[in-house]
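What follows is the content of protein09.cif, which has mmCIF, C-alpha atoms, pLDDT in the B column; chains and numbers go by the auth columns:
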data_run
#
loop_
_atom_site.group_PDB
_atom_site.id
_atom_site.type_symbol
_atom_site.label_atom_id
_atom_site.label_comp_id
_atom_site.label_asym_id
_atom_site.label_seq_id
_atom_site.Cartn_x
_atom_site.Cartn_y
_atom_site.Cartn_z
_atom_site.B_iso_or_equiv
_atom_site.auth_seq_id
_atom_site.auth_asym_id
ATOM 1 C CA MET A 1 113.475 192.332 23.033 46.00 1 A
ATOM 2 C CA ASN A 2 116.410 193.938 24.830 58.00 2 A
ATOM 3 C CA SER A 3 119.468 191.841 25.139 71.00 3 A
ATOM 4 C CA VAL A 4 121.284 191.588 28.435 81.00 4 A
ATOM 5 C CA ASN A 5 124.944 190.894 28.972 86.00 5 A
ATOM 6 C CA PRO A 6 126.317 188.309 31.390 89.00 6 A
ATOM 7 C CA GLU A 7 128.010 190.976 33.510 91.00 7 A
ATOM 8 C CA THR A 8 124.640 192.607 34.218 91.00 8 A
ATOM 9 C CA LEU A 9 123.198 189.300 35.415 92.00 9 A
ATOM 10 C CA LYS A 10 126.256 188.679 37.555 94.00 10 A
ATOM 11 C CA SER A 11 126.060 192.068 39.265 94.00 11 A
ATOM 12 C CA LEU A 12 122.324 191.618 39.944 94.00 12 A
ATOM 13 C CA VAL A 13 122.964 188.328 41.707 95.00 13 A
ATOM 14 C CA CYS A 14 125.893 189.775 43.664 95.00 14 A
ATOM 15 C CA SER A 15 123.827 192.745 44.801 95.00 15 A
ATOM 16 C CA HIS A 16 121.095 190.465 46.192 95.00 16 A
ATOM 17 C CA ILE A 17 123.278 187.666 47.562 96.00 17 A
ATOM 18 C CA SER A 18 126.183 189.540 49.069 93.00 18 A
ATOM 19 C CA ASP A 19 128.743 186.743 49.324 96.00 19 A
ATOM 20 C CA ALA A 20 127.861 185.182 45.967 96.00 20 A
ATOM 21 C CA GLU A 21 130.591 184.000 43.657 96.00 21 A
ATOM 22 C CA VAL A 22 129.018 183.961 40.212 97.00 22 A
ATOM 23 C CA GLU A 23 130.150 182.504 36.940 95.00 23 A
ATOM 24 C CA VAL A 24 127.952 183.224 33.962 93.00 24 A
ATOM 25 C CA HIS A 25 128.254 182.930 30.235 89.00 25 A
ATOM 26 C CA CYS A 26 126.170 182.821 27.111 86.00 26 A
ATOM 27 C CA TYR A 27 125.904 179.539 25.294 81.00 27 A
ATOM 28 C CA SER A 28 123.526 180.236 22.450 75.00 28 A
ATOM 29 C CA GLY A 29 122.709 183.575 20.869 74.00 29 A
ATOM 30 C CA ASP A 30 122.386 186.375 23.407 74.00 30 A
ATOM 31 C CA ASP A 31 119.554 185.047 25.565 77.00 31 A
ATOM 32 C CA HIS A 32 120.667 181.568 26.723 84.00 32 A
ATOM 33 C CA PHE A 33 122.855 181.626 29.811 89.00 33 A
ATOM 34 C CA GLU A 34 124.653 179.201 32.053 92.00 34 A
ATOM 35 C CA MET A 35 125.232 180.339 35.605 94.00 35 A
ATOM 36 C CA THR A 36 126.890 178.864 38.667 96.00 36 A
ATOM 37 C CA VAL A 37 126.363 180.587 41.999 97.00 37 A
ATOM 38 C CA VAL A 38 128.303 179.743 45.163 98.00 38 A
ATOM 39 C CA SER A 39 127.065 181.241 48.425 97.00 39 A
ATOM 40 C CA ALA A 40 127.057 180.316 52.103 97.00 40 A
ATOM 41 C CA SER A 41 123.469 181.582 52.252 97.00 41 A
ATOM 42 C CA PHE A 42 122.348 178.443 50.354 97.00 42 A
ATOM 43 C CA ALA A 43 123.185 176.235 53.337 97.00 43 A
ATOM 44 C CA GLY A 44 120.148 174.350 54.615 97.00 44 A
ATOM 45 C CA LYS A 45 117.978 175.465 51.700 97.00 45 A
ATOM 46 C CA SER A 46 116.378 173.181 49.109 96.00 46 A
ATOM 47 C CA ARG A 47 117.341 173.425 45.458 95.00 47 A
ATOM 48 C CA VAL A 48 114.003 175.057 44.685 96.00 48 A
ATOM 49 C CA MET A 49 114.570 177.704 47.383 96.00 49 A
ATOM 50 C CA ARG A 50 118.110 178.374 46.117 97.00 50 A
ATOM 51 C CA HIS A 51 116.993 178.805 42.542 95.00 51 A
ATOM 52 C CA LYS A 52 114.187 181.112 43.648 95.00 52 A
ATOM 53 C CA MET A 53 116.740 183.317 45.418 96.00 53 A
ATOM 54 C CA VAL A 54 118.648 183.681 42.151 95.00 54 A
ATOM 55 C CA TYR A 55 115.477 184.243 40.120 93.00 55 A
ATOM 56 C CA THR A 56 114.410 186.954 42.569 93.00 56 A
ATOM 57 C CA ALA A 57 117.774 188.661 42.120 94.00 57 A
ATOM 58 C CA LEU A 58 117.390 188.610 38.339 92.00 58 A
ATOM 59 C CA GLY A 59 113.891 190.101 38.601 89.00 59 A
ATOM 60 C CA ASP A 60 112.343 191.233 35.338 84.00 60 A
ATOM 61 C CA HIS A 61 115.336 190.022 33.327 84.00 61 A
ATOM 62 C CA MET A 62 114.180 186.486 34.029 80.00 62 A
ATOM 63 C CA ARG A 63 110.895 187.154 32.254 73.00 63 A
ATOM 64 C CA ALA A 64 112.152 189.408 29.465 72.00 64 A
ATOM 65 C CA ALA A 65 115.677 189.103 28.138 68.00 65 A
ATOM 66 C CA VAL A 66 116.633 185.694 29.460 73.00 66 A
ATOM 67 C CA HIS A 67 115.121 182.906 27.396 72.00 67 A
ATOM 68 C CA ALA A 68 116.883 180.127 29.194 81.00 68 A
ATOM 69 C CA LEU A 69 119.075 179.951 32.251 87.00 69 A
ATOM 70 C CA ALA A 70 120.899 176.769 33.159 90.00 70 A
ATOM 71 C CA LEU A 71 121.531 177.248 36.853 93.00 71 A
ATOM 72 C CA LYS A 72 123.667 175.439 39.413 94.00 72 A
ATOM 73 C CA THR A 73 123.819 176.478 43.050 96.00 73 A
ATOM 74 C CA PHE A 74 126.366 175.405 45.656 96.00 74 A
ATOM 75 C CA THR A 75 127.448 176.315 49.151 96.00 75 A
ATOM 76 C CA PRO A 76 131.218 176.923 49.468 95.00 76 A
ATOM 77 C CA GLN A 77 131.527 173.452 51.082 94.00 77 A
ATOM 78 C CA GLU A 78 129.628 171.777 48.238 93.00 78 A
ATOM 79 C CA ALA A 79 131.661 173.640 45.637 91.00 79 A
ATOM 80 C CA VAL A 80 134.905 172.009 46.755 88.00 80 A
ATOM 81 C CA ALA A 81 133.365 168.589 47.342 76.00 81 A
ATOM 82 C CA MET B 1 95.096 186.425 35.859 53.00 1 B
ATOM 83 C CA SER B 2 91.779 184.861 36.707 61.00 2 B
ATOM 84 C CA ASP B 3 91.549 182.820 39.884 78.00 3 B
ATOM 85 C CA SER B 4 89.780 180.060 38.018 93.00 4 B
ATOM 86 C CA VAL B 5 92.987 179.271 36.110 95.00 5 B
ATOM 87 C CA GLN B 6 94.828 178.950 39.423 96.00 6 B
ATOM 88 C CA GLU B 7 92.030 176.738 40.756 96.00 7 B
ATOM 89 C CA GLN B 8 92.149 174.532 37.666 96.00 8 B
ATOM 90 C CA ILE B 9 95.916 174.189 37.955 97.00 9 B
ATOM 91 C CA ALA B 10 95.641 173.324 41.659 97.00 10 B
ATOM 92 C CA ALA B 11 93.013 170.700 40.881 97.00 11 B
ATOM 93 C CA VAL B 12 95.027 169.026 38.126 97.00 12 B
ATOM 94 C CA VAL B 13 98.222 169.084 40.226 98.00 13 B
ATOM 95 C CA ASN B 14 96.420 167.482 43.160 97.00 14 B
ATOM 96 C CA ASP B 15 94.646 164.879 41.036 97.00 15 B
ATOM 97 C CA ASN B 16 97.803 163.532 39.385 97.00 16 B
ATOM 98 C CA ASP B 17 100.628 161.912 41.352 97.00 17 B
ATOM 99 C CA VAL B 18 103.272 162.803 38.773 98.00 18 B
ATOM 100 C CA ILE B 19 102.529 165.650 36.408 98.00 19 B
ATOM 101 C CA LEU B 20 104.751 167.622 34.075 98.00 20 B
ATOM 102 C CA PHE B 21 103.867 171.037 32.670 98.00 21 B
ATOM 103 C CA MET B 22 105.851 171.163 29.457 98.00 22 B
ATOM 104 C CA LYS B 23 106.166 172.653 25.989 97.00 23 B
ATOM 105 C CA GLY B 24 104.786 170.110 23.530 97.00 24 B
ATOM 106 C CA THR B 25 103.899 166.531 24.391 98.00 25 B
ATOM 107 C CA PRO B 26 105.975 163.603 25.708 97.00 26 B
ATOM 108 C CA LYS B 27 105.915 162.130 22.178 97.00 27 B
ATOM 109 C CA MET B 28 106.717 165.466 20.538 97.00 28 B
ATOM 110 C CA PRO B 29 108.421 167.865 22.934 97.00 29 B
ATOM 111 C CA GLN B 30 108.788 171.373 21.531 96.00 30 B
ATOM 112 C CA CYS B 31 111.710 172.398 23.700 93.00 31 B
ATOM 113 C CA GLY B 32 114.989 170.726 24.658 93.00 32 B
ATOM 114 C CA PHE B 33 114.444 171.246 28.380 94.00 33 B
ATOM 115 C CA SER B 34 110.993 169.632 28.294 96.00 34 B
ATOM 116 C CA GLN B 35 112.424 166.809 26.204 97.00 35 B
ATOM 117 C CA ARG B 36 115.172 166.189 28.745 97.00 36 B
ATOM 118 C CA VAL B 37 112.753 165.905 31.674 98.00 37 B
ATOM 119 C CA CYS B 38 110.496 163.512 29.705 98.00 38 B
ATOM 120 C CA ALA B 39 113.519 161.360 28.894 98.00 39 B
ATOM 121 C CA ILE B 40 114.524 161.214 32.570 98.00 40 B
ATOM 122 C CA LEU B 41 110.985 160.266 33.670 97.00 41 B
ATOM 123 C CA ASN B 42 110.883 157.545 31.031 96.00 42 B
ATOM 124 C CA GLU B 43 114.202 156.212 32.253 96.00 43 B
ATOM 125 C CA HIS B 44 112.648 155.811 35.714 96.00 44 B
ATOM 126 C CA ASN B 45 109.653 153.916 34.249 95.00 45 B
ATOM 127 C CA VAL B 46 107.269 156.342 35.852 96.00 46 B
ATOM 128 C CA PRO B 47 103.953 156.982 34.141 96.00 47 B
ATOM 129 C CA PHE B 48 103.184 160.699 34.228 97.00 48 B
ATOM 130 C CA SER B 49 100.532 163.126 33.113 98.00 49 B
ATOM 131 C CA ALA B 50 101.622 165.971 30.884 98.00 50 B
ATOM 132 C CA ILE B 51 100.093 169.352 30.222 98.00 51 B
ATOM 133 C CA ASN B 52 101.179 171.113 27.039 98.00 52 B
ATOM 134 C CA VAL B 53 101.349 174.766 28.062 97.00 53 B
ATOM 135 C CA LEU B 54 101.690 175.861 24.450 97.00 54 B
ATOM 136 C CA LEU B 55 98.003 175.049 23.932 97.00 55 B
ATOM 137 C CA ASP B 56 96.806 177.666 26.408 96.00 56 B
ATOM 138 C CA PRO B 57 98.539 180.997 27.152 95.00 57 B
ATOM 139 C CA SER B 58 96.623 181.333 30.424 96.00 58 B
ATOM 140 C CA VAL B 59 98.075 178.037 31.660 96.00 59 B
ATOM 141 C CA ARG B 60 101.530 178.920 30.322 95.00 60 B
ATOM 142 C CA GLU B 61 101.562 182.087 32.450 94.00 61 B
ATOM 143 C CA GLY B 62 99.385 180.689 35.231 96.00 62 B
ATOM 144 C CA ILE B 63 101.707 177.823 36.090 96.00 63 B
ATOM 145 C CA LYS B 64 104.540 180.332 36.648 94.00 64 B
ATOM 146 C CA VAL B 65 102.366 182.183 39.152 94.00 65 B
ATOM 147 C CA PHE B 66 101.181 178.948 40.767 96.00 66 B
ATOM 148 C CA SER B 67 104.699 177.812 41.703 95.00 67 B
ATOM 149 C CA ASP B 68 106.364 181.241 41.731 92.00 68 B
ATOM 150 C CA TRP B 69 108.798 179.727 39.230 93.00 69 B
ATOM 151 C CA PRO B 70 109.643 181.555 36.003 91.00 70 B
ATOM 152 C CA THR B 71 110.384 178.699 33.642 92.00 71 B
ATOM 153 C CA ILE B 72 108.875 175.614 32.020 94.00 72 B
ATOM 154 C CA PRO B 73 109.086 172.587 32.320 96.00 73 B
ATOM 155 C CA GLN B 74 107.854 172.138 35.884 97.00 74 B
ATOM 156 C CA LEU B 75 107.496 168.745 37.572 98.00 75 B
ATOM 157 C CA TYR B 76 105.052 168.113 40.427 98.00 76 B
ATOM 158 C CA VAL B 77 104.918 164.946 42.517 98.00 77 B
ATOM 159 C CA LYS B 78 102.044 164.384 44.954 96.00 78 B
ATOM 160 C CA GLY B 79 101.007 168.010 44.661 96.00 79 B
ATOM 161 C CA GLU B 80 104.488 169.375 45.379 96.00 80 B
ATOM 162 C CA PHE B 81 106.647 171.334 42.972 97.00 81 B
ATOM 163 C CA VAL B 82 109.895 169.380 42.595 97.00 82 B
ATOM 164 C CA GLY B 83 111.764 171.533 40.100 96.00 83 B
ATOM 165 C CA GLY B 84 112.582 172.479 36.555 95.00 84 B
ATOM 166 C CA CYS B 85 115.035 170.894 34.132 95.00 85 B
ATOM 167 C CA ASP B 86 118.243 171.760 36.028 95.00 86 B
ATOM 168 C CA ILE B 87 116.976 170.491 39.372 96.00 87 B
ATOM 169 C CA ILE B 88 115.451 167.316 37.914 97.00 88 B
ATOM 170 C CA SER B 89 118.724 166.619 36.076 96.00 89 B
ATOM 171 C CA GLU B 90 120.770 167.093 39.266 95.00 90 B
ATOM 172 C CA MET B 91 118.375 164.951 41.302 97.00 91 B
ATOM 173 C CA HIS B 92 118.519 162.283 38.604 97.00 92 B
ATOM 174 C CA GLU B 93 122.301 162.238 38.743 96.00 93 B
ATOM 175 C CA ASP B 94 122.614 162.109 42.519 94.00 94 B
ATOM 176 C CA GLY B 95 119.873 159.498 43.009 96.00 95 B
ATOM 177 C CA GLU B 96 117.409 161.707 44.856 96.00 96 B
ATOM 178 C CA LEU B 97 114.903 161.563 42.029 97.00 97 B
ATOM 179 C CA ALA B 98 114.747 157.772 42.180 97.00 98 B
ATOM 180 C CA THR B 99 113.698 158.078 45.829 96.00 99 B
ATOM 181 C CA VAL B 100 111.035 160.668 45.084 97.00 100 B
ATOM 182 C CA LEU B 101 109.632 158.671 42.166 97.00 101 B
ATOM 183 C CA SER B 102 109.929 155.141 43.587 95.00 102 B
ATOM 184 C CA PRO B 103 106.305 154.933 44.843 95.00 103 B
ATOM 185 C CA PHE B 104 105.044 155.648 41.313 94.00 104 B
ATOM 186 C CA LYS B 105 107.152 153.259 39.260 89.00 105 B
ATOM 187 C CA THR B 106 105.530 150.633 37.108 84.00 106 B
ATOM 188 C CA ALA B 107 106.841 147.182 37.919 67.00 107 B
#
As structure tokens, how would this structure be written, given the file I've shared?
Amino acid sequence: MNSVNPETLKSLVCSHISDAEVEVHCYSGDDHFEMTVVSASFAGKSRVMRHKMVYTALGDHMRAAVHALALKTFTPQEAVA
Amino acid sequence: MSDSVQEQIAAVVNDNDVILFMKGTPKMPQCGFSQRVCAILNEHNVPFSAINVLLDPSVREGIKVFSDWPTIPQLYVKGEFVGGCDIISEMHEDGELATVLSPFKTA
């Protein structure tokens, strides 16, 4: 299995969600990640829809190199709340 | 992926008010994320059905196609996909899960 670095995941999300502010780091080995994504495009969307947007951005990495992704999604307003 | 797997998943999701697709069983979860969701459901006193995806590779892959969701566990309530471990944990913390589960609580 190919490993993937956090910067790659971050740039994938940023390329799909243009205003995304992404924080990502590994927490166990090289295939468990924690990610927080802040984007205005999440406004009015359910949690499931938001997570699917991030999963779509990660594409095949989600099935291959990423064993586990702990994900939090916020709009800019929610992020400061 | 055979359609019959998708049909079987749809049937079991529709026939069970609260159903968790997980790794292992509620008594012996085989994954920390599945364990966490079981613990949350137990805290809400909600009886739930559980499908151990580790017993059948076609279900393990099929449930990801069914919900267009790449990870397990997956919780369904009244036929609707509610979320995976992160979403269930957030909904538990902000009280939304209690609302979703309240019709299914045991007294």
Using all atoms listed in the file, find which residues of chain B lie within 9 Å of chain A and jot them down as a PDB file with C-alpha atoms, in the frame of the given file.
ATOM      1  CA  ASP B  68     106.364 181.241  41.731  1.00 92.00           C
ATOM      2  CA  TRP B  69     108.798 179.727  39.230  1.00 93.00           C
ATOM      3  CA  PRO B  70     109.643 181.555  36.003  1.00 91.00           C
ATOM      4  CA  THR B  71     110.384 178.699  33.642  1.00 92.00           C
ATOM      5  CA  PHE B  81     106.647 171.334  42.972  1.00 97.00           C
ATOM      6  CA  VAL B  82     109.895 169.380  42.595  1.00 97.00           C
ATOM      7  CA  GLY B  83     111.764 171.533  40.100  1.00 96.00           C
ATOM      8  CA  GLY B  84     112.582 172.479  36.555  1.00 95.00           C
ATOM      9  CA  CYS B  85     115.035 170.894  34.132  1.00 95.00           C
ATOM     10  CA  ASP B  86     118.243 171.760  36.028  1.00 95.00           C
ATOM     11  CA  ILE B  87     116.976 170.491  39.372  1.00 96.00           C
ATOM     12  CA  GLU B  90     120.770 167.093  39.266  1.00 95.00           C
TER      13      GLU B  90
END
I need the residue set behind the PyMOL selection byres ((chain B and resi 11-22) around 9) for this file; please write it as a PyMOL selection string.
chain B and resi 6-10+23-26+29-31+33-35+37-38+46-54+60+63+72-80+101+104
Which value, in Å to one decimal, gives the distance between CA of Glu34 in chain A and CA of Val80 in chain A?
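CA of Glu34 in chain A sits 19.3 Å away from CA of Val80 in chain A.
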Counting only C-alpha atoms, the option among A:Val37, A:Ser18, A:Ser28, A:Asn5 closest to Val54 in chain A
A:Val37
CA of Ile88 in chain B to CA of Val24 in chain A, distance in Å rounded to a single decimal
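For CA of Ile88 in chain B relative to CA of Val24 in chain A, the distance reads 20.6 Å.
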Would you work out the distance separating CA of Gly95 in chain B from CA of Asn45 in chain B, expressed in Å to one decimal?
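Straight-line distance from CA of Gly95 in chain B to CA of Asn45 in chain B works out to 14.6 Å.
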Taking the file above as input, evaluate the PyMOL selection byres ((chain A and resi 79) around 12) and report the hits as an mmCIF file with C-alpha atoms, in the frame of the given file.
data_model
loop_
_atom_site.group_PDB
_atom_site.id
_atom_site.type_symbol
_atom_site.label_atom_id
_atom_site.label_comp_id
_atom_site.auth_asym_id
_atom_site.auth_seq_id
_atom_site.Cartn_x
_atom_site.Cartn_y
_atom_site.Cartn_z
ATOM 1 C CA GLU A 21 130.591 184.000 43.657
ATOM 2 C CA VAL A 22 129.018 183.961 40.212
ATOM 3 C CA THR A 36 126.890 178.864 38.667
ATOM 4 C CA VAL A 37 126.363 180.587 41.999
ATOM 5 C CA VAL A 38 128.303 179.743 45.163
ATOM 6 C CA SER A 39 127.065 181.241 48.425
ATOM 7 C CA ALA A 40 127.057 180.316 52.103
ATOM 8 C CA PHE A 42 122.348 178.443 50.354
ATOM 9 C CA ALA A 43 123.185 176.235 53.337
ATOM 10 C CA LYS A 72 123.667 175.439 39.413
ATOM 11 C CA THR A 73 123.819 176.478 43.050
ATOM 12 C CA PHE A 74 126.366 175.405 45.656
ATOM 13 C CA THR A 75 127.448 176.315 49.151
ATOM 14 C CA PRO A 76 131.218 176.923 49.468
ATOM 15 C CA GLN A 77 131.527 173.452 51.082
ATOM 16 C CA GLU A 78 129.628 171.777 48.238
ATOM 17 C CA VAL A 80 134.905 172.009 46.755
ATOM 18 C CA ALA A 81 133.365 168.589 47.342
#
Taking the partial coordinates given, rebuild range 5-30 of chain B to contain N, CA and C atoms; return it as an mmCIF file, in the coordinates of the input.
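Output file part_31.cif is given in full below:
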data_model
loop_
_atom_site.group_PDB
_atom_site.id
_atom_site.type_symbol
_atom_site.label_atom_id
_atom_site.label_comp_id
_atom_site.auth_asym_id
_atom_site.auth_seq_id
_atom_site.Cartn_x
_atom_site.Cartn_y
_atom_site.Cartn_z
ATOM 1 N N VAL B 5 91.837 179.968 36.682
ATOM 2 C CA VAL B 5 92.987 179.271 36.110
ATOM 3 C C VAL B 5 93.828 178.666 37.230
ATOM 4 N N GLN B 6 94.053 179.459 38.285
ATOM 5 C CA GLN B 6 94.828 178.950 39.423
ATOM 6 C C GLN B 6 94.117 177.758 40.076
ATOM 7 N N GLU B 7 92.789 177.851 40.166
ATOM 8 C CA GLU B 7 92.030 176.738 40.756
ATOM 9 C C GLU B 7 92.123 175.485 39.894
ATOM 10 N N GLN B 8 92.046 175.686 38.573
ATOM 11 C CA GLN B 8 92.149 174.532 37.666
ATOM 12 C C GLN B 8 93.524 173.885 37.761
ATOM 13 N N ILE B 9 94.560 174.724 37.835
ATOM 14 C CA ILE B 9 95.916 174.189 37.955
ATOM 15 C C ILE B 9 96.054 173.420 39.262
ATOM 16 N N ALA B 10 95.557 174.003 40.354
ATOM 17 C CA ALA B 10 95.641 173.324 41.659
ATOM 18 C C ALA B 10 94.929 171.982 41.607
ATOM 19 N N ALA B 11 93.776 171.944 40.949
ATOM 20 C CA ALA B 11 93.013 170.700 40.881
ATOM 21 C C ALA B 11 93.778 169.635 40.106
ATOM 22 N N VAL B 12 94.348 170.015 38.969
ATOM 23 C CA VAL B 12 95.027 169.026 38.126
ATOM 24 C C VAL B 12 96.331 168.558 38.794
ATOM 25 N N VAL B 13 96.995 169.452 39.513
ATOM 26 C CA VAL B 13 98.222 169.084 40.226
ATOM 27 C C VAL B 13 97.904 168.118 41.372
ATOM 28 N N ASN B 14 96.784 168.349 42.037
ATOM 29 C CA ASN B 14 96.420 167.482 43.160
ATOM 30 C C ASN B 14 95.856 166.138 42.710
ATOM 31 N N ASP B 15 95.277 166.103 41.520
ATOM 32 C CA ASP B 15 94.646 164.879 41.036
ATOM 33 C C ASP B 15 95.616 163.922 40.352
ATOM 34 N N ASN B 16 96.844 164.367 40.109
ATOM 35 C CA ASN B 16 97.803 163.532 39.385
ATOM 36 C C ASN B 16 99.081 163.395 40.206
ATOM 37 N N ASP B 17 99.458 162.139 40.495
ATOM 38 C CA ASP B 17 100.628 161.912 41.352
ATOM 39 C C ASP B 17 101.897 162.512 40.748
ATOM 40 N N VAL B 18 102.084 162.283 39.454
ATOM 41 C CA VAL B 18 103.272 162.803 38.773
ATOM 42 C C VAL B 18 102.797 163.556 37.542
ATOM 43 N N ILE B 19 103.025 164.857 37.525
ATOM 44 C CA ILE B 19 102.529 165.650 36.408
ATOM 45 C C ILE B 19 103.572 166.668 35.971
ATOM 46 N N LEU B 20 103.754 166.727 34.656
ATOM 47 C CA LEU B 20 104.751 167.622 34.075
ATOM 48 C C LEU B 20 104.044 168.680 33.226
ATOM 49 N N PHE B 21 104.295 169.932 33.541
ATOM 50 C CA PHE B 21 103.867 171.037 32.670
ATOM 51 C C PHE B 21 105.016 171.299 31.717
ATOM 52 N N MET B 22 104.764 171.157 30.429
ATOM 53 C CA MET B 22 105.851 171.163 29.457
ATOM 54 C C MET B 22 105.433 171.873 28.176
ATOM 55 N N LYS B 23 106.441 172.114 27.318
ATOM 56 C CA LYS B 23 106.166 172.653 25.989
ATOM 57 C C LYS B 23 106.135 171.481 25.012
ATOM 58 N N GLY B 24 104.981 171.257 24.404
ATOM 59 C CA GLY B 24 104.786 170.110 23.530
ATOM 60 C C GLY B 24 104.250 168.933 24.333
ATOM 61 N N THR B 25 104.406 167.748 23.756
ATOM 62 C CA THR B 25 103.899 166.531 24.391
ATOM 63 C C THR B 25 105.066 165.564 24.616
ATOM 64 N N PRO B 26 104.881 164.563 25.505
ATOM 65 C CA PRO B 26 105.975 163.603 25.708
ATOM 66 C C PRO B 26 106.444 162.965 24.395
ATOM 67 N N LYS B 27 105.515 162.714 23.472
ATOM 68 C CA LYS B 27 105.915 162.130 22.178
ATOM 69 C C LYS B 27 106.585 163.152 21.277
ATOM 70 N N MET B 28 106.145 164.401 21.376
ATOM 71 C CA MET B 28 106.717 165.466 20.538
ATOM 72 C C MET B 28 107.005 166.715 21.366
ATOM 73 N N PRO B 29 108.065 166.670 22.152
ATOM 74 C CA PRO B 29 108.421 167.865 22.934
ATOM 75 C C PRO B 29 108.848 168.996 21.984
ATOM 76 N N GLN B 30 108.493 170.214 22.376
ATOM 77 C CA GLN B 30 108.788 171.373 21.531
ATOM 78 C C GLN B 30 109.942 172.204 22.094
#
